[in-house]
Amino acid sequence: MVVAMDSWNLSALIDRRQAPGSQVYALLREHIVKAHFLPGAALSEKRVAEELGVSRTPVREALIRLAEDGLVNIVPQSGTYVAPIDVAAVYDSQLIREALECATVFAAARKVKPEEADDLGRILAEQKRHLAAGDHEGFIAADDALHARLIEISGHKGVARTVQGAKLHLDRIRYIAGEDSPHIHFVIGQHEEIIDRVIHHDGRGARRAMRGHLRLVFEKLDRLLWERQVLFATGPRNGRGVGRNRTTLAAARPARNAAP
């Protein structure tokens, strides 16, 4: 399925008091990452400009930046299209995120204060409320807030920006895959374990729990490759192709019992 650009009212999201360039980029990037525009969707420079009520220049610049991010493909004499998900980019993103967040959660467990532990509990409670309401985007937003707060507690606030950039391709998987009921409750349980390890100053346990939690994305990736391979830059869908992809993923994935 391809979501058309005109299925979304974007113009109301542009702040006319500010320069449009960065806003257009951020808006299109968000809609691609959140799977409002699926791989293959056409992004006409002219139509995007009309929808947003801006000139074509900031749209053109935004599309170039999105191409550099690997989120769109600009095809000469044809048009601009939302790029398929690059499996290699997902693995690169995961490698960066895991290295940084496992290090920062270890530090957070050493530094956490009682009031910071309370913050973590409040964010987790908010995530549970989104779960009960069936609000998937709210659930992910609370998930991101929890991880960001753990980084802050570690004392390495600057890492958050790097992690946010690294999550770009991972987040496409998170939004497209959605959450089935057993899986989403498992995520809550993992968050509870991470918080428990942190507030009890168990750095190694927190790091181990975080690593297992972050690697859950591989199960989503496997499922999407099997069920919706058309979304990926992995070649045509057929039995042999899928089999090769799944074998490659299994070989590339870090072992679950890696050193703590």
# chains A, B, ... in the order shown; residues from 1 in each chain; ligands from 1

call {"tool": "residues_around", "arguments": {"residues": "Ala108 (chain A)", "least_positions_apart": "5", "cutoff": "12 Å", "atoms": "only C-alpha atoms", "output": "PDB file with C-alpha atoms, in the first residue's frame"}}
result
ATOM      1  CA  GLU A 101      22.611   3.387  25.314  1.00  0.00           C
ATOM      2  CA  CYS A 102      24.240   0.389  26.960  1.00  0.00           C
ATOM      3  CA  ALA A 103      27.101   2.640  28.064  1.00  0.00           C
ATOM      4  CA  LYS A 113      19.016   9.940  42.480  1.00  0.00           C
ATOM      5  CA  GLU A 116      15.236  10.780  39.043  1.00  0.00           C
ATOM      6  CA  ALA A 117      13.971   7.295  39.828  1.00  0.00           C
ATOM      7  CA  LEU A 120      11.383   7.094  35.343  1.00  0.00           C
ATOM      8  CA  HIS A 147      15.292   6.335  26.976  1.00  0.00           C
ATOM      9  CA  ALA A 148      16.111  10.048  26.769  1.00  0.00           C
ATOM     10  CA  ARG A 149      15.671  10.443  30.534  1.00  0.00           C
ATOM     11  CA  LEU A 150      18.024   7.539  31.191  1.00  0.00           C
ATOM     12  CA  ILE A 151      20.638   9.249  29.037  1.00  0.00           C
ATOM     13  CA  GLU A 152      20.151  12.490  30.966  1.00  0.00           C
ATOM     14  CA  ILE A 153      20.570  10.685  34.269  1.00  0.00           C
ATOM     15  CA  SER A 154      23.861   9.249  33.020  1.00  0.00           C
ATOM     16  CA  GLY A 155      25.243  12.774  32.806  1.00  0.00           C
ATOM     17  CA  HIS A 156      25.925  12.510  29.060  1.00  0.00           C
ATOM     18  CA  LYS A 157      23.093  14.651  27.690  1.00  0.00           C
ATOM     19  CA  ILE A 194      15.716  -1.726  33.188  1.00  0.00           C
ATOM     20  CA  ILE A 195      14.310   0.783  35.669  1.00  0.00           C
ATOM     21  CA  ASP A 196      14.575  -1.708  38.510  1.00  0.00           C
ATOM     22  CA  ARG A 197      18.251  -2.383  37.714  1.00  0.00           C
ATOM     23  CA  VAL A 198      18.998   1.323  37.465  1.00  0.00           C
ATOM     24  CA  ILE A 199      17.352   2.359  40.736  1.00  0.00           C
ATOM     25  CA  HIS A 200      19.135  -0.482  42.531  1.00  0.00           C
ATOM     26  CA  HIS A 201      22.479   0.710  41.114  1.00  0.00           C
ATOM     27  CA  ASP A 202      23.039  -2.536  39.214  1.00  0.00           C
ATOM     28  CA  GLY A 203      24.998  -1.199  36.255  1.00  0.00           C
ATOM     29  CA  ARG A 204      25.802  -4.530  34.683  1.00  0.00           C
ATOM     30  CA  GLY A 205      22.247  -5.755  35.043  1.00  0.00           C
ATOM     31  CA  ALA A 206      20.899  -2.527  33.555  1.00  0.00           C
ATOM     32  CA  ARG A 207      23.281  -2.794  30.627  1.00  0.00           C
ATOM     33  CA  MET A 210      19.024  -2.653  27.841  1.00  0.00           C
TER      34      MET A 210
END

call {"tool": "select_by_dssp", "arguments": {"residues": "region 77-204 of chain A", "states": "strand (DSSP E)", "output": "list in words"}}
result
Gly79, Thr80, Tyr81 and Val82 of chain A

call {"tool": "residues_around", "arguments": {"residues": "region 33-50 of chain A", "least_positions_apart": "5", "cutoff": "6 Å", "atoms": "only C-alpha atoms", "output": "PyMOL selection string"}}
result
chain A and resi 2-3+55-56+80-84+172+175-176+231

call {"tool": "write_last_selection", "arguments": {"atoms": "C-alpha atoms", "output": "short mmCIF file (atom, residue, chain, number, x, y, z; two decimals), in the first residue's frame"}}
result
data_model
loop_
_atom_site.label_atom_id
_atom_site.label_comp_id
_atom_site.auth_asym_id
_atom_site.auth_seq_id
_atom_site.Cartn_x
_atom_site.Cartn_y
_atom_site.Cartn_z
CA VAL A 2 1.17 3.50 -0.85
CA VAL A 3 -0.16 6.48 1.09
CA SER A 55 7.72 28.10 -2.50
CA ARG A 56 9.38 25.18 -4.23
CA THR A 80 10.98 11.75 -5.96
CA TYR A 81 9.78 8.72 -4.04
CA VAL A 82 9.89 7.57 -0.44
CA ALA A 83 12.82 5.16 -0.27
CA PRO A 84 12.44 1.53 0.70
CA ARG A 172 10.72 3.32 10.46
CA TYR A 175 6.16 2.55 13.25
CA ILE A 176 5.49 0.26 10.29
CA LEU A 231 8.87 -2.23 1.74
#

call {"tool": "residues_around", "arguments": {"residues": "Ser93 (chain A)", "least_positions_apart": "4", "cutoff": "7 Å", "atoms": "only C-alpha atoms", "output": "PyMOL selection string"}}
result
chain A and resi 89+97+166-167+169-170

call {"tool": "select_by_dssp", "arguments": {"residues": "region 2-183 of chain A", "states": "alpha helix (DSSP H)", "output": "tab-separated table (two decimals) with N, CA and C atoms, in the first residue's frame"}}
result
chain	number	residue	atom	x	y	z
A	20	PRO	N	10.65	28.67	6.36
A	20	PRO	CA	10.07	27.35	6.12
A	20	PRO	C	11.05	26.21	5.93
A	21	GLY	N	12.30	26.51	5.58
A	21	GLY	CA	13.23	25.45	5.19
A	21	GLY	C	13.32	24.29	6.14
A	22	SER	N	13.73	24.54	7.38
A	22	SER	CA	13.90	23.46	8.34
A	22	SER	C	12.57	22.83	8.72
A	23	GLN	N	11.49	23.62	8.67
A	23	GLN	CA	10.18	23.08	9.00
A	23	GLN	C	9.72	22.06	7.96
A	24	VAL	N	9.92	22.37	6.70
A	24	VAL	CA	9.53	21.45	5.64
A	24	VAL	C	10.30	20.14	5.77
A	25	TYR	N	11.59	20.25	5.99
A	25	TYR	CA	12.42	19.05	6.16
A	25	TYR	C	11.94	18.21	7.34
A	26	ALA	N	11.76	18.85	8.50
A	26	ALA	CA	11.35	18.12	9.71
A	26	ALA	C	9.99	17.47	9.53
A	27	LEU	N	9.08	18.18	8.88
A	27	LEU	CA	7.73	17.67	8.69
A	27	LEU	C	7.71	16.45	7.77
A	28	LEU	N	8.38	16.54	6.63
A	28	LEU	CA	8.42	15.41	5.71
A	28	LEU	C	9.16	14.23	6.32
A	29	ARG	N	10.24	14.52	7.03
A	29	ARG	CA	10.99	13.44	7.68
A	29	ARG	C	10.11	12.72	8.69
A	30	GLU	N	9.37	13.47	9.49
A	30	GLU	CA	8.49	12.85	10.49
A	30	GLU	C	7.44	11.97	9.84
A	31	HIS	N	6.84	12.46	8.77
A	31	HIS	CA	5.79	11.68	8.11
A	31	HIS	C	6.34	10.42	7.46
A	32	ILE	N	7.57	10.48	6.97
A	32	ILE	CA	8.18	9.27	6.40
A	32	ILE	C	8.52	8.28	7.51
A	33	VAL	N	9.17	8.75	8.56
A	33	VAL	CA	9.58	7.87	9.65
A	33	VAL	C	8.37	7.22	10.32
A	45	GLU	N	7.52	17.69	-5.83
A	45	GLU	CA	8.01	18.97	-5.32
A	45	GLU	C	6.93	20.05	-5.44
A	46	LYS	N	6.27	20.09	-6.58
A	46	LYS	CA	5.24	21.10	-6.83
A	46	LYS	C	4.05	20.92	-5.88
A	47	ARG	N	3.60	19.69	-5.74
A	47	ARG	CA	2.42	19.43	-4.91
A	47	ARG	C	2.72	19.62	-3.43
A	48	VAL	N	3.91	19.22	-3.01
A	48	VAL	CA	4.27	19.45	-1.61
A	48	VAL	C	4.28	20.94	-1.31
A	49	ALA	N	4.85	21.73	-2.23
A	49	ALA	CA	4.90	23.18	-2.04
A	49	ALA	C	3.49	23.76	-1.96
A	50	GLU	N	2.61	23.28	-2.82
A	50	GLU	CA	1.23	23.77	-2.80
A	50	GLU	C	0.52	23.37	-1.51
A	51	GLU	N	0.71	22.12	-1.08
A	51	GLU	CA	0.08	21.64	0.15
A	51	GLU	C	0.53	22.44	1.37
A	52	LEU	N	1.80	22.79	1.38
A	52	LEU	CA	2.36	23.49	2.54
A	52	LEU	C	2.21	25.01	2.43
A	56	ARG	N	8.77	26.48	-3.93
A	56	ARG	CA	9.38	25.18	-4.23
A	56	ARG	C	10.82	25.08	-3.74
A	57	THR	N	11.46	26.20	-3.49
A	57	THR	CA	12.87	26.16	-3.08
A	57	THR	C	13.09	25.41	-1.77
A	58	PRO	N	12.37	25.74	-0.67
A	58	PRO	CA	12.59	24.99	0.56
A	58	PRO	C	12.19	23.53	0.44
A	59	VAL	N	11.22	23.23	-0.40
A	59	VAL	CA	10.82	21.84	-0.62
A	59	VAL	C	11.95	21.09	-1.32
A	60	ARG	N	12.52	21.72	-2.34
A	60	ARG	CA	13.62	21.09	-3.07
A	60	ARG	C	14.80	20.82	-2.13
A	61	GLU	N	15.12	21.80	-1.31
A	61	GLU	CA	16.22	21.65	-0.36
A	61	GLU	C	15.92	20.55	0.65
A	62	ALA	N	14.67	20.47	1.11
A	62	ALA	CA	14.29	19.44	2.07
A	62	ALA	C	14.42	18.06	1.45
A	63	LEU	N	14.00	17.91	0.21
A	63	LEU	CA	14.07	16.61	-0.46
A	63	LEU	C	15.51	16.18	-0.66
A	64	ILE	N	16.40	17.13	-0.94
A	64	ILE	CA	17.82	16.79	-1.08
A	64	ILE	C	18.36	16.28	0.26
A	65	ARG	N	18.00	16.95	1.35
A	65	ARG	CA	18.45	16.50	2.67
A	65	ARG	C	17.89	15.12	3.01
A	66	LEU	N	16.64	14.89	2.66
A	66	LEU	CA	16.02	13.59	2.92
A	66	LEU	C	16.69	12.49	2.09
A	67	ALA	N	17.12	12.84	0.88
A	67	ALA	CA	17.86	11.87	0.06
A	67	ALA	C	19.19	11.53	0.72
A	68	GLU	N	19.84	12.54	1.31
A	68	GLU	CA	21.10	12.30	2.02
A	68	GLU	C	20.87	11.41	3.25
A	69	ASP	N	19.69	11.52	3.85
A	69	ASP	CA	19.35	10.67	5.00
A	69	ASP	C	19.00	9.25	4.57
A	87	VAL	N	18.01	-2.42	4.87
A	87	VAL	CA	18.30	-3.31	6.00
A	87	VAL	C	19.69	-3.03	6.59
A	88	ALA	N	20.67	-2.76	5.72
A	88	ALA	CA	22.02	-2.47	6.21
A	88	ALA	C	22.01	-1.21	7.08
A	89	ALA	N	21.21	-0.21	6.69
A	89	ALA	CA	21.13	1.02	7.47
A	89	ALA	C	20.49	0.75	8.82
A	90	VAL	N	19.52	-0.16	8.87
A	90	VAL	CA	18.89	-0.53	10.14
A	90	VAL	C	19.93	-1.12	11.08
A	91	TYR	N	20.77	-2.01	10.55
A	91	TYR	CA	21.79	-2.63	11.39
A	91	TYR	C	22.84	-1.64	11.85
A	92	ASP	N	23.21	-0.71	10.97
A	92	ASP	CA	24.16	0.33	11.37
A	92	ASP	C	23.57	1.18	12.49
A	93	SER	N	22.29	1.54	12.35
A	93	SER	CA	21.62	2.34	13.37
A	93	SER	C	21.58	1.61	14.70
A	94	GLN	N	21.27	0.32	14.63
A	94	GLN	CA	21.19	-0.47	15.86
A	94	GLN	C	22.55	-0.56	16.54
A	95	LEU	N	23.60	-0.71	15.76
A	95	LEU	CA	24.95	-0.81	16.32
A	95	LEU	C	25.30	0.44	17.11
A	96	ILE	N	25.00	1.60	16.53
A	96	ILE	CA	25.30	2.87	17.19
A	96	ILE	C	24.46	3.03	18.45
A	97	ARG	N	23.16	2.79	18.31
A	97	ARG	CA	22.27	2.99	19.45
A	97	ARG	C	22.62	2.06	20.60
A	98	GLU	N	22.87	0.80	20.28
A	98	GLU	CA	23.18	-0.15	21.34
A	98	GLU	C	24.45	0.21	22.09
A	99	ALA	N	25.48	0.60	21.35
A	99	ALA	CA	26.74	0.96	21.99
A	99	ALA	C	26.56	2.14	22.94
A	100	LEU	N	25.83	3.15	22.49
A	100	LEU	CA	25.67	4.36	23.29
A	100	LEU	C	24.72	4.15	24.48
A	101	GLU	N	23.59	3.51	24.24
A	101	GLU	CA	22.61	3.39	25.31
A	101	GLU	C	23.02	2.35	26.36
A	102	CYS	N	23.75	1.34	25.95
A	102	CYS	CA	24.24	0.39	26.96
A	102	CYS	C	25.28	1.06	27.86
A	103	ALA	N	26.11	1.92	27.27
A	103	ALA	CA	27.10	2.64	28.06
A	103	ALA	C	26.44	3.65	28.99
A	104	THR	N	25.45	4.38	28.49
A	104	THR	CA	24.83	5.41	29.32
A	104	THR	C	23.94	4.83	30.41
A	105	VAL	N	23.27	3.70	30.14
A	105	VAL	CA	22.44	3.13	31.20
A	105	VAL	C	23.31	2.58	32.33
A	106	PHE	N	24.50	2.09	31.99
A	106	PHE	CA	25.44	1.65	33.01
A	106	PHE	C	25.82	2.83	33.91
A	107	ALA	N	26.10	3.97	33.27
A	107	ALA	CA	26.44	5.17	34.04
A	107	ALA	C	25.25	5.68	34.84
A	108	ALA	N	24.05	5.59	34.26
A	108	ALA	CA	22.85	6.05	34.97
A	108	ALA	C	22.62	5.26	36.25
A	109	ALA	N	22.90	3.98	36.21
A	109	ALA	CA	22.72	3.14	37.40
A	109	ALA	C	23.66	3.56	38.54
A	110	ARG	N	24.78	4.12	38.20
A	110	ARG	CA	25.73	4.57	39.21
A	110	ARG	C	25.36	5.93	39.78
A	111	LYS	N	24.65	6.75	38.99
A	111	LYS	CA	24.42	8.14	39.37
A	111	LYS	C	22.99	8.47	39.78
A	114	PRO	N	17.06	9.61	43.92
A	114	PRO	CA	15.67	9.22	44.18
A	114	PRO	C	14.65	9.96	43.31
A	115	GLU	N	14.82	11.27	43.16
A	115	GLU	CA	13.86	12.03	42.37
A	115	GLU	C	13.93	11.64	40.89
A	116	GLU	N	15.10	11.22	40.43
A	116	GLU	CA	15.24	10.78	39.04
A	116	GLU	C	14.57	9.42	38.86
A	117	ALA	N	14.67	8.58	39.87
A	117	ALA	CA	13.97	7.30	39.83
A	117	ALA	C	12.47	7.52	39.74
A	118	ASP	N	11.97	8.54	40.45
A	118	ASP	CA	10.55	8.86	40.38
A	118	ASP	C	10.16	9.30	38.97
A	119	ASP	N	11.03	10.06	38.31
A	119	ASP	CA	10.77	10.48	36.93
A	119	ASP	C	10.59	9.28	36.01
A	120	LEU	N	11.47	8.29	36.17
A	120	LEU	CA	11.38	7.09	35.34
A	120	LEU	C	10.06	6.37	35.57
A	121	GLY	N	9.65	6.31	36.83
A	121	GLY	CA	8.38	5.66	37.14
A	121	GLY	C	7.19	6.39	36.52
A	122	ARG	N	7.24	7.71	36.52
A	122	ARG	CA	6.15	8.49	35.94
A	122	ARG	C	6.07	8.30	34.42
A	123	ILE	N	7.23	8.25	33.77
A	123	ILE	CA	7.23	8.06	32.32
A	123	ILE	C	6.69	6.67	31.97
A	124	LEU	N	7.08	5.68	32.76
A	124	LEU	CA	6.59	4.32	32.52
A	124	LEU	C	5.07	4.26	32.71
A	125	ALA	N	4.57	4.94	33.73
A	125	ALA	CA	3.12	4.97	33.96
A	125	ALA	C	2.41	5.62	32.78
A	126	GLU	N	3.01	6.67	32.22
A	126	GLU	CA	2.43	7.33	31.05
A	126	GLU	C	2.41	6.38	29.86
A	127	GLN	N	3.46	5.61	29.69
A	127	GLN	CA	3.50	4.66	28.59
A	127	GLN	C	2.40	3.61	28.75
A	128	LYS	N	2.17	3.18	29.96
A	128	LYS	CA	1.11	2.21	30.22
A	128	LYS	C	-0.26	2.80	29.90
A	129	ARG	N	-0.44	4.09	30.17
A	129	ARG	CA	-1.72	4.74	29.85
A	129	ARG	C	-1.94	4.78	28.35
A	130	HIS	N	-0.88	5.06	27.59
A	130	HIS	CA	-1.00	5.04	26.13
A	130	HIS	C	-1.32	3.64	25.63
A	131	LEU	N	-0.74	2.65	26.27
A	131	LEU	CA	-1.02	1.26	25.90
A	131	LEU	C	-2.49	0.93	26.12
A	132	ALA	N	-3.01	1.33	27.27
A	132	ALA	CA	-4.41	1.05	27.60
A	132	ALA	C	-5.36	1.76	26.65
A	133	ALA	N	-4.94	2.93	26.15
A	133	ALA	CA	-5.78	3.70	25.24
A	133	ALA	C	-5.63	3.27	23.79
A	136	HIS	N	-0.72	4.06	19.73
A	136	HIS	CA	0.59	3.53	19.39
A	136	HIS	C	1.64	4.62	19.29
A	137	GLU	N	1.30	5.75	18.66
A	137	GLU	CA	2.28	6.82	18.54
A	137	GLU	C	2.61	7.41	19.91
A	138	GLY	N	1.61	7.53	20.78
A	138	GLY	CA	1.87	8.00	22.14
A	138	GLY	C	2.74	7.03	22.91
A	139	PHE	N	2.53	5.74	22.67
A	139	PHE	CA	3.34	4.71	23.31
A	139	PHE	C	4.80	4.85	22.91
A	140	ILE	N	5.06	5.05	21.62
A	140	ILE	CA	6.43	5.21	21.14
A	140	ILE	C	7.04	6.50	21.68
A	141	ALA	N	6.24	7.57	21.75
A	141	ALA	CA	6.75	8.84	22.27
A	141	ALA	C	7.18	8.69	23.73
A	142	ALA	N	6.39	7.97	24.51
A	142	ALA	CA	6.76	7.73	25.91
A	142	ALA	C	7.99	6.83	26.00
A	143	ASP	N	8.08	5.88	25.09
A	143	ASP	CA	9.26	5.01	25.02
A	143	ASP	C	10.51	5.85	24.79
A	144	ASP	N	10.43	6.76	23.83
A	144	ASP	CA	11.57	7.62	23.54
A	144	ASP	C	11.91	8.53	24.73
A	145	ALA	N	10.87	9.01	25.42
A	145	ALA	CA	11.09	9.87	26.58
A	145	ALA	C	11.81	9.13	27.70
A	146	LEU	N	11.48	7.86	27.88
A	146	LEU	CA	12.13	7.06	28.91
A	146	LEU	C	13.61	6.87	28.60
A	147	HIS	N	13.90	6.54	27.36
A	147	HIS	CA	15.29	6.34	26.98
A	147	HIS	C	16.08	7.64	27.08
A	148	ALA	N	15.44	8.75	26.68
A	148	ALA	CA	16.11	10.05	26.77
A	148	ALA	C	16.40	10.42	28.23
A	149	ARG	N	15.46	10.12	29.11
A	149	ARG	CA	15.67	10.44	30.53
A	149	ARG	C	16.80	9.61	31.12
A	150	LEU	N	16.92	8.38	30.72
A	150	LEU	CA	18.02	7.54	31.19
A	150	LEU	C	19.36	8.12	30.74
A	151	ILE	N	19.41	8.63	29.52
A	151	ILE	CA	20.64	9.25	29.04
A	151	ILE	C	20.96	10.50	29.85
A	152	GLU	N	19.95	11.29	30.15
A	152	GLU	CA	20.15	12.49	30.97
A	152	GLU	C	20.70	12.13	32.34
A	153	ILE	N	20.13	11.11	32.94
A	153	ILE	CA	20.57	10.69	34.27
A	153	ILE	C	22.03	10.25	34.25
A	154	SER	N	22.47	9.70	33.12
A	154	SER	CA	23.86	9.25	33.02
A	154	SER	C	24.85	10.40	33.08
A	159	VAL	N	24.76	12.88	24.26
A	159	VAL	CA	24.61	11.61	23.54
A	159	VAL	C	23.21	11.49	22.95
A	160	ALA	N	22.24	12.15	23.58
A	160	ALA	CA	20.85	12.01	23.14
A	160	ALA	C	20.68	12.42	21.69
A	161	ARG	N	21.35	13.48	21.28
A	161	ARG	CA	21.23	13.94	19.89
A	161	ARG	C	21.77	12.90	18.92
A	162	THR	N	22.89	12.29	19.27
A	162	THR	CA	23.48	11.26	18.41
A	162	THR	C	22.56	10.05	18.32
A	163	VAL	N	22.00	9.65	19.46
A	163	VAL	CA	21.08	8.51	19.47
A	163	VAL	C	19.85	8.82	18.62
A	164	GLN	N	19.33	10.02	18.75
A	164	GLN	CA	18.14	10.39	17.98
A	164	GLN	C	18.43	10.31	16.48
A	165	GLY	N	19.59	10.77	16.06
A	165	GLY	CA	19.94	10.66	14.66
A	165	GLY	C	20.13	9.22	14.22
A	166	ALA	N	20.69	8.41	15.10
A	166	ALA	CA	20.95	7.01	14.76
A	166	ALA	C	19.66	6.20	14.68
A	168	LEU	N	16.94	6.87	13.23
A	168	LEU	CA	16.12	7.21	12.08
A	168	LEU	C	15.56	5.98	11.37
A	169	HIS	N	16.41	5.06	10.98
A	169	HIS	CA	15.96	3.89	10.23
A	169	HIS	C	15.31	2.85	11.13
A	170	LEU	N	15.73	2.79	12.39
A	170	LEU	CA	15.08	1.91	13.35
A	170	LEU	C	13.63	2.33	13.58
A	171	ASP	N	13.41	3.63	13.65
A	171	ASP	CA	12.06	4.12	13.92
A	171	ASP	C	11.10	3.79	12.77
A	172	ARG	N	11.59	3.72	11.56
A	172	ARG	CA	10.72	3.32	10.46
A	172	ARG	C	10.20	1.90	10.70
A	173	ILE	N	11.07	1.04	11.20
A	173	ILE	CA	10.65	-0.32	11.53
A	173	ILE	C	9.61	-0.29	12.64
A	174	ARG	N	9.86	0.51	13.68
A	174	ARG	CA	8.97	0.55	14.84
A	174	ARG	C	7.57	1.00	14.44
A	175	TYR	N	7.47	2.03	13.62
A	175	TYR	CA	6.16	2.55	13.25
A	175	TYR	C	5.43	1.66	12.26
A	176	ILE	N	6.14	1.11	11.29
A	176	ILE	CA	5.49	0.26	10.29
A	176	ILE	C	5.05	-1.05	10.91
A	177	ALA	N	5.88	-1.63	11.77
A	177	ALA	CA	5.57	-2.93	12.34
A	177	ALA	C	4.40	-2.87	13.30
A	181	SER	N	-0.27	-7.45	20.80
A	181	SER	CA	-0.50	-7.39	22.24
A	181	SER	C	0.59	-8.07	23.07
A	182	PRO	N	0.97	-9.33	22.76
A	182	PRO	CA	2.02	-9.96	23.57
A	182	PRO	C	3.33	-9.19	23.51
A	183	HIS	N	3.67	-8.70	22.33
A	183	HIS	CA	4.94	-8.00	22.16
A	183	HIS	C	4.97	-6.71	22.96

call {"tool": "atom_distance", "arguments": {"atom1": "CA of Trp226 (chain A)", "atom2": "CA of Asp86 (chain A)"}}
result
14.9 Å

call {"tool": "atom_distance", "arguments": {"atom1": "CA of Glu192 (chain A)", "atom2": "CA of Arg208 (chain A)"}}
result
13.4 Å
